[in-house]
Amino acid sequence: MNQYFDTHCHLDFDCFDGDRAGLLSRCKALGIQRFLIPATRFSVMEKLETLVSCHQGVYIAAGIHPFFVDKTSLSDLSLLSEYLKTSNLIGSKLIALGEMGLDKFCSNDFGLQKEVFSRQLEMASRLSLPVIIHNRKCDQAVLDLLDYFNVNKGVVHGFSGSYEIANEFRKRGFYIGLGGVISWENANKVRQMVTRLGLTQVVIETDAPDMSPEWLKGKRNTPETVIKVVALLAELLQLPVTTVADTVYRNSCNLFGLDGLGQDV
């Protein structure tokens with residue numbers, strides 16, 4: 001059976017409260033061994049810690065999403081910094097910082113977004129942790145900040161940009177996160193980019209419950225969709241599914257400093 005790693009899913013969201021344990025059991029039966037849950041704000045960290053203590057194969061990231069940047073974010077950054085000094089999960093279950101970044105479509109103050117993003121990059125640089133980047137229409141600003149803080153490991157989440165921009169991130173040591181977008185009916189340009197991209201520094205993610213693939217439009221997305229996304233990627237690249245599944249699984253483990261066996265305790 002192929003092994004899979006959903007490198008970005010929000011299983012802490014309330015919409016999973018009713019069936020989270022059953023969903024994870026179904027995923028494990030399908031070969032989906034590992035799940036990374038990025039925080040969206042500091043206040044969710046307690047719930048994320050509970051999830052990693054209760055469920056095998058679940059990992060977390062700590063951070064503040066640009067959608068949640070507001071007047072409390074600067075004090076939350078101080079709380080986050082203190083938390084990272086004392087957490088005993090770093091490197092074992094807390095394996096990245098994020099979800100963080102910049103979003104031009106978001107109504108939150110862009111200057112504050114940059115400050116919150118910058119301070120999180122500073123933490124990541126200090127701790128040598130990979131980062132999970134949220135980026136919408138801010139390519140150059142994100143690249144400039146990565147260079148300034150010398151952050152050279154992480155993933156660009158939900159990537160749908162150009163091949164050229166993907167390579168700018170890859171040159172800096174970043175992986176490209178691909179998901180259900182490649183299945184969307186109007187995503188021909190994205191699929192063309194993916195065929196040029198290949199599998200080097202590529203990981204698979206669902207962003208569950210959001211970014212649903214074409215066959216789930218209007219419905220809750222779950223980590224179960226990684227299997228079909230990998231199959232679609234294999235079709236686009238004209239490669240065996242097993243080859244693609246094995247490569248992106250090992251890419252994911254390499255990125256986040258995990259062994260490639262999927263044998264979590």
# chains A, B, ... in the order shown; residues from 1 in each chain; ligands from 1

$ select_by_dssp --residues "range 15-249 of chain A" --states "alpha helix (DSSP H)" --output "PyMOL selection string"
chain A and resi 20-29+45-54+73-86+110-127+139-148+163-171+188-197+226-237+241-249

$ residues_around --residues "range 100-111 of chain A" --least-positions-apart "6" --cutoff "8 Å" --atoms "only C-alpha atoms" --output "ChimeraX atom specification"
/A:40,63-67,69-70,117,120,131-138,142

$ select_by_dssp --residues "range 72-209 of chain A" --states "strand (DSSP E)" --output "MDAnalysis selection string"
chainID A and resid 94:103 131:136 154:156 174:178 202:204

$ closest_residue --among "A:Phe159, A:Tyr83, A:Phe5, A:Tyr249" --to "Phe174 in chain A" --atoms "only C-alpha atoms"
A:Phe159

$ atom_distance --atom1 "CA of Thr7 in chain A" --atom2 "CA of Thr72 in chain A"
27.9 Å

$ closest_residue --among "A:Leu51, A:Val116, A:Ala62, A:Gly154" --to "Asp17 in chain A" --atoms "only C-alpha atoms"
A:Leu51

$ atom_distance --atom1 "CA of Glu205 in chain A" --atom2 "CA of Gly260 in chain A"
17.1 Å

$ atom_distance --atom1 "CA of Glu224 in chain A" --atom2 "CA of Ala166 in chain A"
25.9 Å

$ closest_residue --among "A:Leu239, A:Met45, A:Cys27, A:Val156" --to "Leu255 in chain A" --atoms "only C-alpha atoms"
A:Val156

$ residues_around --residues "Tyr59 in chain A" --least-positions-apart "6" --cutoff "9 Å" --atoms "only C-alpha atoms" --output "number ranges by chain"
A: 34-38, 48, 51-52, 92-95

$ closest_residue --among "A:Gly198, A:Leu236, A:Leu127, A:Thr206" --to "Arg220 in chain A" --atoms "only C-alpha atoms"
A:Thr206

$ closest_residue --among "A:Met123, A:Tyr4, A:Asn188, A:Arg26" --to "Ala231 in chain A" --atoms "only C-alpha atoms"
A:Tyr4
